[in-house]
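**Student:** Next comes target_19.tsv, TSV, C-alpha atoms (C1' of nucleotides) and all ligand atoms:
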chain	number	residue	atom	x	y	z
A	1	MET	CA	-4.60	-5.28	3.72
A	2	PHE	CA	-6.28	-1.87	4.06
A	3	SER	CA	-4.71	1.51	3.32
A	4	LYS	CA	-3.83	3.72	6.28
A	5	THR	CA	-6.66	6.02	5.22
A	6	CYS	CA	-9.08	3.11	5.40
A	7	GLU	CA	-7.82	2.00	8.80
A	8	TYR	CA	-8.36	5.48	10.19
A	9	ALA	CA	-11.79	5.63	8.57
A	10	ILE	CA	-12.96	2.39	10.15
A	11	ARG	CA	-11.59	3.24	13.57
A	12	ALA	CA	-13.15	6.71	13.41
A	13	LEU	CA	-16.53	5.37	12.35
A	14	LEU	CA	-16.56	2.78	15.11
A	15	TYR	CA	-15.77	5.46	17.64
A	16	ILE	CA	-18.32	7.95	16.32
A	17	ALA	CA	-20.96	5.22	16.14
A	18	GLN	CA	-20.42	4.37	19.78
A	19	GLN	CA	-20.54	8.02	20.79
A	20	SER	CA	-23.70	8.58	18.75
A	21	ASP	CA	-25.21	5.55	20.41
A	22	ALA	CA	-24.51	7.24	23.72
A	23	GLY	CA	-26.12	10.46	22.42
A	24	HIS	CA	-22.99	12.51	21.76
A	25	LYS	CA	-21.74	14.40	18.76
A	26	VAL	CA	-17.95	14.57	18.56
A	27	GLY	CA	-15.45	17.00	17.05
A	28	PHE	CA	-12.62	15.80	14.87
A	29	ARG	CA	-10.01	16.72	17.45
A	30	GLN	CA	-11.68	14.47	19.98
A	31	ILE	CA	-11.95	11.70	17.41
A	32	ALA	CA	-8.30	12.03	16.43
A	33	GLN	CA	-7.38	11.74	20.10
A	34	ALA	CA	-9.62	8.72	20.64
A	35	ILE	CA	-8.24	6.71	17.73
A	36	ASP	CA	-4.71	8.11	17.69
A	37	ALA	CA	-4.77	9.63	14.20
A	38	PRO	CA	-3.18	12.83	12.84
A	39	GLU	CA	-5.83	15.57	13.22
A	40	PRO	CA	-5.78	17.32	9.82
A	41	PHE	CA	-5.46	14.08	7.93
A	42	LEU	CA	-8.36	12.58	9.80
A	43	ALA	CA	-10.40	15.74	9.14
A	44	LYS	CA	-9.96	15.14	5.41
A	45	ILE	CA	-11.08	11.56	5.74
A	46	LEU	CA	-14.15	12.54	7.76
A	47	GLN	CA	-15.10	15.13	5.14
A	48	ASP	CA	-14.87	12.46	2.50
A	49	LEU	CA	-16.94	9.98	4.48
A	50	THR	CA	-19.54	12.69	5.12
A	51	ARG	CA	-19.77	13.57	1.42
A	52	LYS	CA	-20.26	9.88	0.70
A	53	GLY	CA	-23.06	9.65	3.24
A	54	LEU	CA	-21.42	7.18	5.62
A	55	LEU	CA	-21.35	9.85	8.30
A	56	GLN	CA	-23.21	13.03	9.24
A	57	SER	CA	-21.88	16.35	10.43
A	58	ALA	CA	-23.27	19.53	11.98
A	59	LYS	CA	-21.53	22.89	12.01
A	60	GLY	CA	-21.52	25.44	14.77
A	61	PRO	CA	-21.59	25.18	18.55
A	62	ASN	CA	-22.75	21.78	19.75
A	63	GLY	CA	-21.93	20.54	16.30
A	64	GLY	CA	-19.68	17.67	15.35
A	65	PHE	CA	-19.79	14.33	13.65
A	66	PHE	CA	-22.37	11.67	14.27
A	67	VAL	CA	-23.65	8.44	12.77
A	68	ALA	CA	-27.28	8.18	11.67
A	69	ALA	CA	-27.21	4.68	10.18
A	70	MET	CA	-25.67	2.07	12.45
A	71	ASP	CA	-26.17	-0.67	9.88
A	72	ILE	CA	-23.49	0.39	7.42
A	73	SER	CA	-21.23	-2.60	6.80
A	74	LEU	CA	-17.48	-2.47	7.12
A	75	ALA	CA	-17.43	-3.69	3.53
A	76	ALA	CA	-19.19	-0.51	2.46
A	77	VAL	CA	-16.56	1.56	4.24
A	78	VAL	CA	-13.67	-0.32	2.66
A	79	ARG	CA	-15.30	-0.05	-0.74
A	80	ALA	CA	-15.82	3.70	-0.31
A	81	ILE	CA	-12.19	4.32	0.60
A	82	ASP	CA	-10.09	1.62	-1.06
A	83	GLY	CA	-12.39	0.67	-3.93
A	84	ASP	CA	-13.20	-2.93	-4.69
A	85	LYS	CA	-9.75	-4.17	-5.58
A	86	LEU	CA	-9.75	-6.17	-2.37
A	87	PHE	CA	-13.03	-7.82	-3.30
A	88	SER	CA	-12.48	-8.59	-6.95
A	89	GLY	CA	-8.86	-7.84	-7.87
A	90	CYS	CA	-6.23	-10.43	-8.78
A	91	GLY	CA	-3.92	-11.51	-5.97
A	92	LEU	CA	-0.88	-11.22	-8.23
A	93	GLY	CA	-1.92	-7.80	-9.51
A	94	LEU	CA	-2.99	-8.88	-12.99
A	95	PRO	CA	-5.83	-6.98	-14.61
A	96	ASN	CA	-9.20	-8.67	-15.04
A	97	CYS	CA	-9.21	-11.55	-12.61
A	98	SER	CA	-11.35	-14.24	-14.18
A	99	GLU	CA	-12.04	-17.95	-14.28
A	100	THR	CA	-11.29	-18.18	-17.97
A	101	ASN	CA	-7.93	-16.46	-17.74
A	102	PRO	CA	-6.68	-17.25	-14.25
A	103	CYS	CA	-3.33	-16.58	-12.65
A	104	PRO	CA	-1.62	-19.48	-10.84
A	105	ILE	CA	-3.13	-18.74	-7.44
A	106	HIS	CA	-6.57	-17.76	-8.68
A	107	GLN	CA	-8.59	-20.60	-7.10
A	108	GLN	CA	-7.00	-20.35	-3.68
A	109	PHE	CA	-7.03	-16.57	-3.67
A	110	LYS	CA	-10.63	-16.39	-4.72
A	111	SER	CA	-11.69	-18.32	-1.68
A	112	VAL	CA	-9.64	-16.15	0.67
A	113	ARG	CA	-11.10	-13.04	-0.94
A	114	ALA	CA	-14.59	-14.39	-0.35
A	115	GLN	CA	-13.76	-14.98	3.32
A	116	ILE	CA	-12.62	-11.39	3.69
A	117	GLN	CA	-15.73	-10.09	2.02
A	118	LYS	CA	-17.93	-12.24	4.21
A	119	MET	CA	-16.23	-10.93	7.32
A	120	LEU	CA	-16.60	-7.30	6.28
A	121	GLN	CA	-20.10	-7.73	4.96
A	122	SER	CA	-21.40	-9.29	8.13
A	123	SER	CA	-20.17	-6.59	10.49
A	124	THR	CA	-21.71	-3.14	10.77
A	125	ILE	CA	-20.29	-0.01	12.34
A	126	GLY	CA	-22.88	-0.26	15.12
A	127	ASP	CA	-22.06	-3.85	16.05
A	128	PHE	CA	-19.25	-2.87	18.36
A	129	ASN	CA	-20.90	-0.05	20.33
A	130	ASP	CA	-21.24	-2.04	23.53
A	131	LEU	CA	-17.80	-3.61	23.38
A	132	ILE	CA	-16.28	-0.18	22.91
A	133	ALA	CA	-18.40	1.41	25.62
A	134	GLN	CA	-17.36	-1.28	28.07
A	135	GLY	CA	-13.72	-0.85	27.18
A	136	LEU	CA	-13.38	-4.47	26.08
A	137	VAL	CA	-11.79	-3.52	22.77
A	138	ARG	CA	-9.43	-0.71	21.80
A	139	LEU	CA	-9.30	1.78	18.94
A	140	LYS	CA	-5.82	3.10	19.69
A	141	SER	CA	-2.54	1.84	21.06
A	142	ALA	CA	-2.06	3.76	24.30
B	143	MET	CA	-3.06	-7.35	-0.26
B	144	PHE	CA	0.55	-7.57	-1.48
B	145	SER	CA	2.78	-4.67	-2.49
B	146	LYS	CA	3.50	-4.23	-6.19
B	147	THR	CA	7.07	-5.29	-5.47
B	148	CYS	CA	5.80	-8.50	-3.93
B	149	GLU	CA	3.44	-9.20	-6.81
B	150	TYR	CA	6.31	-8.85	-9.29
B	151	ALA	CA	8.50	-11.03	-7.07
B	152	ILE	CA	6.01	-13.87	-6.97
B	153	ARG	CA	5.24	-13.73	-10.68
B	154	ALA	CA	8.96	-13.62	-11.49
B	155	LEU	CA	9.77	-16.56	-9.23
B	156	LEU	CA	6.97	-18.65	-10.69
B	157	TYR	CA	8.24	-17.92	-14.17
B	158	ILE	CA	11.89	-18.60	-13.35
B	159	ALA	CA	10.95	-21.79	-11.51
B	160	GLN	CA	9.12	-23.08	-14.56
B	161	GLN	CA	12.01	-22.16	-16.85
B	162	SER	CA	14.51	-23.79	-14.50
B	163	ASP	CA	12.32	-26.87	-14.46
B	164	ALA	CA	12.64	-26.92	-18.22
B	165	GLY	CA	16.41	-26.52	-17.93
B	166	HIS	CA	16.74	-22.85	-18.88
B	167	LYS	CA	18.41	-19.90	-17.23
B	168	VAL	CA	16.73	-16.60	-18.02
B	169	GLY	CA	17.88	-13.00	-18.21
B	170	PHE	CA	15.98	-10.23	-16.45
B	171	ARG	CA	14.86	-8.71	-19.73
B	172	GLN	CA	13.20	-11.95	-20.72
B	173	ILE	CA	11.61	-12.26	-17.28
B	174	ALA	CA	10.31	-8.68	-17.41
B	175	GLN	CA	8.77	-9.46	-20.78
B	176	ALA	CA	7.21	-12.70	-19.56
B	177	ILE	CA	5.53	-11.20	-16.52
B	178	ASP	CA	4.96	-7.69	-17.85
B	179	ALA	CA	7.06	-5.79	-15.32
B	180	PRO	CA	9.28	-2.69	-15.72
B	181	GLU	CA	12.79	-4.00	-16.50
B	182	PRO	CA	15.01	-1.97	-14.16
B	183	PHE	CA	12.57	-2.20	-11.29
B	184	LEU	CA	12.35	-5.95	-11.68
B	185	ALA	CA	16.14	-6.17	-11.83
B	186	LYS	CA	16.29	-4.59	-8.38
B	187	ILE	CA	13.76	-7.04	-7.02
B	188	LEU	CA	15.65	-10.00	-8.49
B	189	GLN	CA	18.89	-8.77	-6.94
B	190	ASP	CA	17.16	-8.57	-3.61
B	191	LEU	CA	15.67	-12.05	-3.91
B	192	THR	CA	19.06	-13.40	-4.91
B	193	ARG	CA	20.76	-11.83	-1.90
B	194	LYS	CA	18.10	-13.38	0.28
B	195	GLY	CA	18.69	-16.80	-1.23
B	196	LEU	CA	15.27	-17.32	-2.79
B	197	LEU	CA	16.84	-17.27	-6.22
B	198	GLN	CA	20.20	-17.96	-7.85
B	199	SER	CA	22.05	-16.04	-10.53
B	200	ALA	CA	25.03	-16.57	-12.79
B	201	LYS	CA	27.00	-13.82	-14.52
B	202	GLY	CA	28.54	-13.90	-17.93
B	203	PRO	CA	27.52	-15.55	-21.20
B	204	ASN	CA	24.91	-18.28	-20.71
B	205	GLY	CA	24.23	-16.72	-17.34
B	206	GLY	CA	20.93	-15.58	-15.95
B	207	PHE	CA	18.57	-16.31	-13.10
B	208	PHE	CA	17.47	-19.75	-12.02
B	209	VAL	CA	15.77	-21.48	-9.12
B	210	ALA	CA	17.61	-24.19	-7.19
B	211	ALA	CA	14.97	-24.90	-4.51
B	212	MET	CA	11.51	-25.50	-5.90
B	213	ASP	CA	10.08	-25.98	-2.43
B	214	ILE	CA	10.20	-22.38	-1.28
B	215	SER	CA	6.73	-21.41	-0.10
B	216	LEU	CA	4.89	-18.34	-1.31
B	217	ALA	CA	4.67	-17.37	2.35
B	218	ALA	CA	8.47	-17.20	2.48
B	219	VAL	CA	8.47	-14.90	-0.53
B	220	VAL	CA	5.85	-12.60	0.93
B	221	ARG	CA	7.68	-12.53	4.24
B	222	ALA	CA	10.97	-11.68	2.51
B	223	ILE	CA	9.47	-8.76	0.63
B	224	ASP	CA	6.55	-7.40	2.65
B	225	GLY	CA	7.57	-8.59	6.09
B	226	ASP	CA	5.15	-10.34	8.38
B	227	LYS	CA	2.61	-7.59	8.84
B	228	LEU	CA	0.19	-9.61	6.75
B	229	PHE	CA	0.64	-12.65	8.99
B	230	SER	CA	0.60	-11.06	12.40
B	231	GLY	CA	-0.35	-7.39	12.07
B	232	CYS	CA	-3.61	-5.83	13.27
B	233	GLY	CA	-6.32	-5.40	10.64
B	234	LEU	CA	-7.02	-1.89	11.85
B	235	GLY	CA	-3.37	-0.91	11.89
B	236	LEU	CA	-2.92	-0.87	15.66
B	237	PRO	CA	0.45	-1.89	17.04
B	238	ASN	CA	0.80	-5.20	18.87
B	239	CYS	CA	-2.15	-7.27	17.81
B	240	SER	CA	-2.97	-9.50	20.76
B	241	GLU	CA	-5.68	-11.47	22.48
B	242	THR	CA	-5.38	-9.50	25.66
B	243	ASN	CA	-5.67	-6.10	24.01
B	244	PRO	CA	-7.78	-6.72	20.91
B	245	CYS	CA	-9.25	-4.28	18.43
B	246	PRO	CA	-12.95	-4.67	17.57
B	247	ILE	CA	-12.38	-6.96	14.61
B	248	HIS	CA	-9.58	-8.99	16.13
B	249	GLN	CA	-11.33	-12.39	16.30
B	250	GLN	CA	-12.72	-12.27	12.78
B	251	PHE	CA	-9.54	-10.85	11.32
B	252	LYS	CA	-7.35	-13.39	13.02
B	253	SER	CA	-9.17	-16.19	11.30
B	254	VAL	CA	-8.92	-14.55	7.89
B	255	ARG	CA	-5.24	-13.95	8.46
B	256	ALA	CA	-4.76	-17.62	9.28
B	257	GLN	CA	-6.53	-18.57	6.04
B	258	ILE	CA	-4.18	-16.39	4.06
B	259	GLN	CA	-1.16	-17.83	5.77
B	260	LYS	CA	-2.38	-21.35	5.18
B	261	MET	CA	-2.86	-20.63	1.48
B	262	LEU	CA	0.62	-19.14	1.11
B	263	GLN	CA	2.31	-21.72	3.27
B	264	SER	CA	0.89	-24.65	1.36
B	265	SER	CA	1.99	-23.48	-2.10
B	266	THR	CA	5.57	-23.56	-3.32
B	267	ILE	CA	7.13	-21.76	-6.25
B	268	GLY	CA	7.56	-25.10	-8.03
B	269	ASP	CA	3.93	-26.18	-7.65
B	270	PHE	CA	2.83	-24.36	-10.76
B	271	ASN	CA	5.53	-25.41	-13.22
B	272	ASP	CA	3.31	-27.71	-15.22
B	273	LEU	CA	0.31	-25.40	-15.30
B	274	ILE	CA	2.54	-22.60	-16.55
B	275	ALA	CA	4.29	-24.82	-19.10
B	276	GLN	CA	0.94	-25.95	-20.48
B	277	GLY	CA	-0.29	-22.36	-20.69
B	278	LEU	CA	-3.22	-23.08	-18.41
B	279	VAL	CA	-2.44	-20.08	-16.20
B	280	ARG	CA	-1.04	-16.66	-16.99
B	281	LEU	CA	1.65	-14.47	-15.44
B	282	LYS	CA	0.86	-11.34	-17.43
B	283	SER	CA	-2.13	-9.62	-18.95
B	284	ALA	CA	-1.51	-9.74	-22.69
C	285	DT	C1'	-26.55	41.25	15.47
C	286	DA	C1'	-21.99	39.86	17.33
C	287	DA	C1'	-19.14	36.39	19.01
C	288	DA	C1'	-17.91	31.81	19.40
C	289	DT	C1'	-17.75	27.31	17.56
C	290	DA	C1'	-16.97	23.75	14.37
C	291	DA	C1'	-16.78	21.71	9.88
C	292	DA	C1'	-15.36	22.53	4.73
C	293	DA	C1'	-12.17	23.67	1.47
C	294	DG	C1'	-7.86	24.64	-0.65
C	295	DA	C1'	-2.99	24.91	-0.90
C	296	DT	C1'	1.26	22.85	0.46
C	297	DA	C1'	4.70	19.50	2.38
C	298	DT	C1'	6.72	15.06	3.47
C	299	DT	C1'	7.42	10.21	3.00
C	300	DT	C1'	7.05	5.91	0.81
C	301	DT	C1'	6.54	3.30	-3.13
C	302	DT	C1'	7.42	2.60	-7.67
C	303	DG	C1'	10.18	3.19	-11.62
C	304	DT	C1'	14.61	4.68	-14.46
C	305	DC	C1'	19.34	5.37	-15.86
C	306	DT	C1'	24.36	4.74	-15.75
C	307	DT	C1'	28.48	2.58	-14.25
C	308	DT	C1'	30.87	-1.35	-12.35
C	309	DT	C1'	32.05	-6.15	-11.63
C	310	DA	C1'	32.19	-10.97	-12.70
C	311	DT	C1'	32.18	-14.79	-16.00
C	312	DT	C1'	32.55	-17.18	-20.25
C	313	DT	C1'	34.24	-18.15	-24.69
C	314	DA	C1'	36.84	-17.30	-28.83
D	315	DT	C1'	44.21	-12.31	-23.23
D	316	DA	C1'	40.37	-9.71	-25.52
D	317	DA	C1'	35.67	-9.33	-26.42
D	318	DA	C1'	31.13	-10.25	-25.34
D	319	DT	C1'	27.65	-11.16	-22.03
D	320	DA	C1'	24.99	-10.63	-18.01
D	321	DA	C1'	24.17	-9.47	-13.27
D	322	DA	C1'	25.31	-6.01	-9.30
D	323	DA	C1'	25.40	-1.64	-7.55
D	324	DG	C1'	24.50	3.12	-7.01
D	325	DA	C1'	22.50	7.45	-8.12
D	326	DC	C1'	18.43	9.54	-9.62
D	327	DA	C1'	13.28	10.57	-10.85
D	328	DA	C1'	8.33	10.29	-10.80
D	329	DA	C1'	4.09	9.11	-8.68
D	330	DA	C1'	1.16	7.99	-4.95
D	331	DA	C1'	0.10	7.92	-0.17
D	332	DT	C1'	0.27	10.24	3.98
D	333	DA	C1'	0.33	14.42	6.65
D	334	DT	C1'	0.05	19.63	7.65
D	335	DC	C1'	-1.36	24.40	7.52
D	336	DT	C1'	-4.37	28.34	6.54
D	337	DT	C1'	-8.56	30.40	5.11
D	338	DT	C1'	-13.50	30.18	4.42
D	339	DT	C1'	-18.26	29.04	5.37
D	340	DA	C1'	-22.12	27.69	8.15
D	341	DT	C1'	-24.49	27.43	12.59
D	342	DT	C1'	-25.67	28.38	17.23
D	343	DT	C1'	-26.25	31.11	21.19
D	344	DA	C1'	-25.77	35.15	24.03
A	401	LIG	S1	-6.60	-14.03	-11.88
A	401	LIG	FE1	-5.30	-13.81	-10.17
A	401	LIG	S2	-6.70	-14.05	-8.56
A	401	LIG	FE2	-8.01	-14.32	-10.27
A	402	LIG	S1	-5.70	-6.31	17.53
A	402	LIG	FE1	-6.55	-5.82	15.61
A	402	LIG	S2	-6.48	-7.70	14.62
A	402	LIG	FE2	-5.65	-8.24	16.53
Take the structure from the file and write it as structure tokens.
Ligand code: FES
Ligand code: FES
**Tutor:**
Amino acid sequence: MFSKTCEYAIRALLYIAQQSDAGHKVGFRQIAQAIDAPEPFLAKILQDLTRKGLLQSAKGPNGGFFVAAMDISLAAVVRAIDGDKLFSGCGLGLPNCSETNPCPIHQQFKSVRAQIQKMLQSSTIGDFNDLIAQGLVRLKSA
Amino acid sequence: MFSKTCEYAIRALLYIAQQSDAGHKVGFRQIAQAIDAPEPFLAKILQDLTRKGLLQSAKGPNGGFFVAAMDISLAAVVRAIDGDKLFSGCGLGLPNCSETNPCPIHQQFKSVRAQIQKMLQSSTIGDFNDLIAQGLVRLKSA
DNA sequence: TAAATAAAAGATATTTTTGTCTTTTATTTA
DNA sequence: TAAATAAAAGACAAAAATATCTTTTATTTA
């Protein structure tokens, strides 16, 4: 569904959002540990998210990553990392999905695609702060 | 959503099913042309599908690929090629998606996943024969 | 100002996916 | 049986995704 990069990005943002909510900035090592991601790879992803404005960072002692806008949708994150293929691309990989030139599964796929978009559009990275803080959901395996 | 391999597999099966319905066996070159796929790569995929019984082949003159069972579901094709990650895997890439140890988006994702499965389970490779024969849907771009 | 801290950037490496080429085997028909 | 046809198999190649390592830059605090 999502690329590995995108999975790490979402998990990292959810974690950082929760930590920011609790008043903490976090370093990428700590984030990598919290979401079980490879450190240098995650660092790259965080840099990218920061450049794109989905995340903020501060250098120096007491620095780290933090979230300023809790109302960024998961859809925005997916779009930033994976592009909008998931939201408008053809299910069978054909170019230019359209009503006038549909592939066999176009109608059915279109509706599924809309469901996915709805799900991602209606959740923000701040929506899960409490669940995460209370330990009711996980961001890593172990 | 699906891997490129899986996209080619579905498009190829839909094409072969329609041709079989019309009484024709087809060679992999013709299939590659019909669905706009790289010939040798497609040949590999067809071999794999044949080994797995989703497709039949005949060697020699007047040979080619053909479909014996029109009632194979698209879900079975996806499962054969991409495995069942799409049907039971975690949306955030965590191992062992489960109710008791859910990730933040588990509930929402579970329902989307079920939608996808329903769509793929309720369509068979023979369901589109007429639409394809009438040229009402496409299997390639140009 | 010096030292410590932490992110940013750049170069490099590995793995997986996707795509290609050549040889072999099986089948049919003349 | 010989020739033609077509898939099967195996080795190989390129591209993209994923992951790692090292150096640089900015910031804070003592
Ligand atoms: S054309 Fe394939 S999903 Fe729209
Ligand atoms: S645990 Fe993530 S979708 Fe179920």
**Student:** Could you give me, as a tab-separated table, every chain D residue with an atom at most 10 Å from chain A, plus its closest atom pair and distance in Å to one decimal, counting only C-alpha atoms (C1' of nucleotides), rows ordered by chain then number?
**Tutor:**
residue	atom	partner	partner_atom	distance
D:DA331	C1'	A:Lys4	CA	8.6
D:DT332	C1'	A:Phe41	CA	7.9
D:DA333	C1'	A:Phe41	CA	5.9
D:DT334	C1'	A:Pro40	CA	6.6
D:DC335	C1'	A:Pro40	CA	8.7
D:DT339	C1'	A:Lys59	CA	9.6
D:DA340	C1'	A:Lys59	CA	6.2
D:DT341	C1'	A:Gly60	CA	4.2
D:DT342	C1'	A:Pro61	CA	5.4
D:DT343	C1'	A:Pro61	CA	8.0
**Student:** Any idea what's packed within 7 Å of segment 152-167 of chain B, counting all atoms listed in the file, ignoring anything in its chain fewer than 3 positions away? Could you give it as a ChimeraX atom specification?
**Tutor:** /B:148-149,173,177,205-209,212,219,267-268,271,274-275,281
**Student:** Return chain A as a CSV table (one decimal) with C-alpha atoms, in the coordinates of the input, after superposing it on chain B by a least-squares fit that covers all C-alpha atoms paired in order.
**Tutor:**
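Okay, out.csv is ready:
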chain,number,residue,atom,x,y,z
A,1,MET,CA,-3.0,-7.3,-0.2
A,2,PHE,CA,0.6,-7.6,-1.5
A,3,SER,CA,2.8,-4.6,-2.5
A,4,LYS,CA,3.5,-4.2,-6.2
A,5,THR,CA,7.1,-5.3,-5.5
A,6,CYS,CA,5.8,-8.5,-3.9
A,7,GLU,CA,3.5,-9.2,-6.8
A,8,TYR,CA,6.3,-8.8,-9.3
A,9,ALA,CA,8.5,-11.0,-7.1
A,10,ILE,CA,6.0,-13.9,-7.0
A,11,ARG,CA,5.3,-13.7,-10.7
A,12,ALA,CA,9.0,-13.6,-11.5
A,13,LEU,CA,9.8,-16.6,-9.2
A,14,LEU,CA,7.0,-18.7,-10.7
A,15,TYR,CA,8.2,-17.9,-14.2
A,16,ILE,CA,11.9,-18.6,-13.4
A,17,ALA,CA,11.0,-21.8,-11.5
A,18,GLN,CA,9.1,-23.1,-14.6
A,19,GLN,CA,12.0,-22.2,-16.8
A,20,SER,CA,14.5,-23.8,-14.5
A,21,ASP,CA,12.3,-26.9,-14.5
A,22,ALA,CA,12.6,-26.9,-18.2
A,23,GLY,CA,16.4,-26.5,-17.9
A,24,HIS,CA,16.8,-22.9,-18.9
A,25,LYS,CA,18.4,-19.9,-17.2
A,26,VAL,CA,16.7,-16.6,-18.0
A,27,GLY,CA,17.9,-13.0,-18.2
A,28,PHE,CA,16.0,-10.2,-16.5
A,29,ARG,CA,14.8,-8.7,-19.7
A,30,GLN,CA,13.2,-12.0,-20.7
A,31,ILE,CA,11.6,-12.2,-17.3
A,32,ALA,CA,10.3,-8.7,-17.4
A,33,GLN,CA,8.8,-9.5,-20.8
A,34,ALA,CA,7.2,-12.7,-19.6
A,35,ILE,CA,5.5,-11.2,-16.5
A,36,ASP,CA,5.0,-7.7,-17.8
A,37,ALA,CA,7.1,-5.8,-15.3
A,38,PRO,CA,9.3,-2.7,-15.7
A,39,GLU,CA,12.8,-4.0,-16.5
A,40,PRO,CA,15.0,-2.0,-14.2
A,41,PHE,CA,12.6,-2.2,-11.3
A,42,LEU,CA,12.4,-5.9,-11.7
A,43,ALA,CA,16.2,-6.2,-11.8
A,44,LYS,CA,16.3,-4.6,-8.4
A,45,ILE,CA,13.8,-7.0,-7.0
A,46,LEU,CA,15.7,-10.0,-8.5
A,47,GLN,CA,18.9,-8.8,-6.9
A,48,ASP,CA,17.2,-8.6,-3.6
A,49,LEU,CA,15.7,-12.1,-3.9
A,50,THR,CA,19.1,-13.4,-4.9
A,51,ARG,CA,20.8,-11.8,-1.9
A,52,LYS,CA,18.1,-13.4,0.3
A,53,GLY,CA,18.7,-16.8,-1.2
A,54,LEU,CA,15.3,-17.3,-2.8
A,55,LEU,CA,16.9,-17.3,-6.2
A,56,GLN,CA,20.2,-18.0,-7.9
A,57,SER,CA,22.1,-16.0,-10.5
A,58,ALA,CA,25.0,-16.6,-12.8
A,59,LYS,CA,27.0,-13.8,-14.6
A,60,GLY,CA,28.5,-13.9,-18.0
A,61,PRO,CA,27.4,-15.5,-21.3
A,62,ASN,CA,24.9,-18.3,-20.7
A,63,GLY,CA,24.2,-16.7,-17.4
A,64,GLY,CA,20.9,-15.6,-15.9
A,65,PHE,CA,18.6,-16.3,-13.1
A,66,PHE,CA,17.5,-19.7,-12.0
A,67,VAL,CA,15.8,-21.5,-9.1
A,68,ALA,CA,17.6,-24.2,-7.2
A,69,ALA,CA,15.0,-24.9,-4.5
A,70,MET,CA,11.5,-25.5,-5.9
A,71,ASP,CA,10.1,-26.0,-2.4
A,72,ILE,CA,10.2,-22.4,-1.3
A,73,SER,CA,6.7,-21.4,-0.1
A,74,LEU,CA,4.9,-18.3,-1.3
A,75,ALA,CA,4.7,-17.4,2.3
A,76,ALA,CA,8.5,-17.2,2.5
A,77,VAL,CA,8.5,-14.9,-0.5
A,78,VAL,CA,5.9,-12.6,0.9
A,79,ARG,CA,7.7,-12.5,4.2
A,80,ALA,CA,11.0,-11.7,2.5
A,81,ILE,CA,9.5,-8.8,0.6
A,82,ASP,CA,6.6,-7.4,2.6
A,83,GLY,CA,7.6,-8.6,6.1
A,84,ASP,CA,5.2,-10.3,8.4
A,85,LYS,CA,2.6,-7.6,8.8
A,86,LEU,CA,0.2,-9.6,6.8
A,87,PHE,CA,0.7,-12.6,9.0
A,88,SER,CA,0.6,-11.1,12.4
A,89,GLY,CA,-0.4,-7.4,12.1
A,90,CYS,CA,-3.6,-5.8,13.3
A,91,GLY,CA,-6.3,-5.4,10.7
A,92,LEU,CA,-7.1,-1.9,11.8
A,93,GLY,CA,-3.4,-0.9,11.9
A,94,LEU,CA,-2.9,-0.9,15.7
A,95,PRO,CA,0.4,-1.9,17.1
A,96,ASN,CA,0.8,-5.2,18.9
A,97,CYS,CA,-2.2,-7.3,17.8
A,98,SER,CA,-3.0,-9.5,20.8
A,99,GLU,CA,-5.7,-11.4,22.5
A,100,THR,CA,-5.5,-9.5,25.7
A,101,ASN,CA,-5.7,-6.1,24.0
A,102,PRO,CA,-7.8,-6.7,20.9
A,103,CYS,CA,-9.3,-4.3,18.4
A,104,PRO,CA,-13.0,-4.7,17.6
A,105,ILE,CA,-12.4,-7.0,14.6
A,106,HIS,CA,-9.6,-9.0,16.1
A,107,GLN,CA,-11.4,-12.4,16.3
A,108,GLN,CA,-12.7,-12.3,12.8
A,109,PHE,CA,-9.6,-10.9,11.3
A,110,LYS,CA,-7.4,-13.4,13.0
A,111,SER,CA,-9.2,-16.2,11.3
A,112,VAL,CA,-8.9,-14.6,7.9
A,113,ARG,CA,-5.2,-14.0,8.5
A,114,ALA,CA,-4.8,-17.6,9.3
A,115,GLN,CA,-6.5,-18.6,6.0
A,116,ILE,CA,-4.2,-16.4,4.1
A,117,GLN,CA,-1.1,-17.8,5.8
A,118,LYS,CA,-2.4,-21.4,5.2
A,119,MET,CA,-2.8,-20.6,1.5
A,120,LEU,CA,0.6,-19.1,1.1
A,121,GLN,CA,2.3,-21.7,3.3
A,122,SER,CA,0.9,-24.6,1.4
A,123,SER,CA,2.0,-23.5,-2.1
A,124,THR,CA,5.6,-23.6,-3.3
A,125,ILE,CA,7.1,-21.8,-6.3
A,126,GLY,CA,7.6,-25.1,-8.0
A,127,ASP,CA,3.9,-26.2,-7.7
A,128,PHE,CA,2.8,-24.4,-10.8
A,129,ASN,CA,5.5,-25.4,-13.2
A,130,ASP,CA,3.3,-27.7,-15.2
A,131,LEU,CA,0.3,-25.4,-15.3
A,132,ILE,CA,2.5,-22.6,-16.6
A,133,ALA,CA,4.3,-24.8,-19.1
A,134,GLN,CA,1.0,-25.9,-20.5
A,135,GLY,CA,-0.3,-22.4,-20.7
A,136,LEU,CA,-3.2,-23.1,-18.4
A,137,VAL,CA,-2.4,-20.1,-16.2
A,138,ARG,CA,-1.0,-16.6,-17.0
A,139,LEU,CA,1.6,-14.5,-15.4
A,140,LYS,CA,0.9,-11.3,-17.4
A,141,SER,CA,-2.1,-9.6,-18.9
A,142,ALA,CA,-1.5,-9.7,-22.7
**Student:** Ligand LIG 402 (chain A): which residues are within 12 Å, counting all atoms listed in the file, as a ChimeraX atom specification?
**Tutor:** /A:1,7,10-11,136-141 /B:227-256
**Student:** So what do you get for atom C1' of DA322 of chain D versus atom CA of Tyr150 of chain B, distance-wise?
**Tutor:**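 These two atoms are separated by 19.2 Å.
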**Student:** Give me, as a CSV table (one decimal) with C-alpha atoms (C1' of nucleotides), keeping the file's coordinate frame, the residues of chain C touching chain B, with the criterion being at most 7 Å (counting only C-alpha atoms (C1' of nucleotides)).
**Tutor:**
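Listed below is the output, selection_27.csv:
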chain,number,residue,atom,x,y,z
C,303,DG,C1',10.2,3.2,-11.6
C,304,DT,C1',14.6,4.7,-14.5
C,310,DA,C1',32.2,-11.0,-12.7
C,311,DT,C1',32.2,-14.8,-16.0
C,312,DT,C1',32.6,-17.2,-20.2
